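Since the structure comes first, as structure tokens, the remarks are kept for the end.
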Amino acid sequence: GPTCVLGIDLGTTSVKAALVTGTERGLALAQSCSRETQAYSDSLGAAPQGMEQDVQKIIRALNECLAALPQQQLQQVTHVGISGQMHGVVFWKSDKGCRWSEGGPGPAFEPEQVSHLVTWQDGRCSPSFLTSLPLPQSHVSLATGFGCATLFWYSKNSPDFLKAYDAAGTIQDYVVAMLCDLKKPLMSVQNASSWGYFNCRNKSWNTDILKKSGFPVHLLPEVGDPGSIAGRTTCAWHGIPKGAKVGIALGDFQCSVYSCLTERTDAVLNISTSAQLTISMPLGFQPPETPDPSSAVTYFPYFNGDYLAVAASLNGGNVLATFVRMVAQWAQELGLQVQESAIYPRIIQAALAQKHSKLSIHPTLFGERHLPELLASVSSIGASELSLGHVTRALCRGLVENLRSMLPVQHLQDVGVRSVLGSGSALAKNEVLRQEVERVLPFPVVYGKDVDAAMGAAMVM
């Protein structure tokens with residue numbers, strides 16, 4: 001039978017796996033599977049600002065995903081591409097990072113001496129803490145939740161914690177290291193850039209700057225180009241043959257874009273847990289040597305030396321989820337029991353009945369990296385605008401308007417954008433959000449593209 005490529009995405013809320021096969025028309029999705037990780041865990045050392053996930057639960061979800069895929073096709077896999085949530089950091093002991101166990105169709109690994117994953121949403125690095133750190137030699141401004149900022153925090157606040165580990169990386173780097181039995185983690189330029197203190201022009205860490213500040217530089221991974229091979233599987237993982245090639249781990253955002261972006265005149269709008277609006281930069285573009293901390297646009301390394309201009313908002317589906325939780329909590333306080341899963345479709349239906357709302361919601365509940373202190377606000381509150389429908393409609397519009405303010409329409413027109421590709425779980429299941437996208441952005445919007453980081457990770461291979 002035809003060879004298969006396995007694509008994996010280790011997301012903020014779920015793990016996805018996609019089996020992709022080659023056809024006469026190009027790559028095609030053969031099978032896919034998704035499992036929620038439910039991995040959020042208490043952050044004992046940095047509560048309440050800390051945001052951590054249990055790596056055991058993430059890997060359990062990954063193993064469940066792979067166990068659900070057809071064995072016959074897994075046995076034909078020749079390449080594995082892995083993407084995942086950027087910025088975050090997990091620590092492990094390189095010779096005891098996991099244990100392999102027999103069971104099921106093939107061996108699987110389980111984490112052993114591994115820390116929690118400190119995610120991109122982590123808030124332990126306050127603005128005053130960040131300003132106390134040395135300036136990076138990088139085009140990316142440092143922010144809380146970035147791997148190097150978190151490493152600085154541990155080195156200054158909990159140095160004994162770091163003594164237990166000799167390796168660090170993103171969650172996707174960890175999985176690649178376990179599959180290939182890498183003695184030292186290998187990280188792509190995409191993930192390294194997302195950690196801060198990385199110079200994309202010369203593809204190196206700011207080692208001299210970091211050493212002078214007492215940073216644990218021995219924990220920094222080696223760095224390679226996205227699209228290159230990190231190693232080969234050392235075991236027949238879930239029936240995938242031993243010796244299958246494993247790509248260097250990639251950024252989930254770049255893989256999502258790669259799965260759908262075919263024309264440079266397309267912009268990609270993704271609204272899932274967070275939200276991004278992105279465009280391709282012209283060939284040969286190089287980001288500035290130093291960042292503009294007040295700029296809402298970040299330049300993400302893409303593939304083959306290209307860059308994406310990205311308005312990366314911290315506020316997307318997570319804001320809608322918080323709103324739903326609030327409604328459920330209010331109901332509970334009134335003595336009513338309503339499941340959150342029942343609330344979401346009802347608020348959407350209520351908002352569809354309200355075509356307009358004068359209510360204005362600035363939805364930055366989680367701040368933004370370029371404006372961490374600017375939180376959410378509501379204005380133009382009139383007595384006739386207080387229904388669930390009005391509020392939900394205004395909240396959806398606010399999410400899209402926030403993205404538009406970060407990457408203005410004029411800028412999109414200046415670089416030749418002709419259409420927008422809409423993607424992401426929040427956009428897929430929320431018709432009100434789609435209506436507001438079409439109202440706020442003056443371009444044709446195309447939905448239904450197979451936009452998926454797991455698919456993109458497979459396509460890169």
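By order of appearance in the structure tokens: chains A, B, ..., then residues from 1 within every chain, and ligands from 1 in the order shown.
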**OP:** Enumerate as a PyMOL selection string all residues of stretch 136-357 of chain A assigned to helix (DSSP H, G or I) by DSSP on the backbone, naming them with the chain letters and numbers the document uses.
**Re:** chain A and resi 147-157+159-163+171-180+189-195+207-212+217-219+237-239+252-258+317-333+340-352
Original post:
Near A:Ala351, within 6 Å and counting only C-alpha atoms, which residues show up once chain neighbours fewer than 5 positions away are dropped, as a PyMOL selection string?
Top reply: chain A and resi 389+392-393
Expected file contents, prior selection, N, CA, C and O atoms, as a compact mmCIF listing (two decimals), in the first residue's frame:
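Generated file (part21.txt):
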```
# COMPACT_ATOMS: atom_id res chain seq x y z
N GLY A 389 -28.29 37.96 24.03
CA GLY A 389 -28.04 38.09 22.59
C GLY A 389 -27.22 39.32 22.26
O GLY A 389 -26.25 39.25 21.48
N THR A 392 -23.59 38.85 23.69
CA THR A 392 -22.81 37.86 22.91
C THR A 392 -22.42 38.44 21.55
O THR A 392 -21.28 38.29 21.10
N ARG A 393 -23.37 39.12 20.89
CA ARG A 393 -23.09 39.74 19.59
C ARG A 393 -21.95 40.76 19.74
O ARG A 393 -21.01 40.78 18.94
```
Subject >> Minimum-distance residue to A:Pro136, chosen among A:Asp42, A:Glu110, A:Glu289, A:Asp181 (using only C-alpha atoms) >> reply: A:Glu289
Original post:
Hey, what's within 12 Å of stretch 367-377 of chain A if we count only C-alpha atoms and toss same-chain stuff fewer than 5 positions away? As a PyMOL selection string, please?
Top reply: chain A and resi 120-123+125-128+130+140-146+274-276+291-298+311-316+319+359-362+394-395+398-399+402-403+406
**OP:** With a distance cut-off of 12 Å and only C-alpha atoms, select the neighbouring residues of A:Leu44, excluding the residue or stretch itself and same-chain residues fewer than 5 positions from it, and output the selection as a list in words.
**Re:** Gln49, Gly50, Met51, Glu52, Gln53, His116, Val118, Arg124 and Ser158 of chain A
Original post:
Counting only C-alpha atoms, what is within 12 Å of A:Cys4, bar same-chain residues fewer than 5 positions away, as number ranges by chain?
Top reply: A: 18-23, 27-31, 70-81, 240-241, 244-245, 458-459, 461
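With only C-alpha atoms as the atoms that count, the residue of A:Ala17, A:Val257, A:Ala321, A:Ala342 with the shortest distance to A:Ala67 is A:Ala17.
For stretch 214-301 of chain A, backbone-based DSSP assignment of strand (DSSP E or B) covers Glu222, Val223, Gly224, Ile229, Ala230, Gly231, Arg232, Lys245, Val246, Gly247, Leu250, Gly251, Asp266, Ala267, Val268, Leu269, Asn270, Ile271, Ala275, Gln276, Leu277, Thr278, Ile279, Ser280, Val297, Thr298, Tyr299, Phe300 and Pro301 of chain A.
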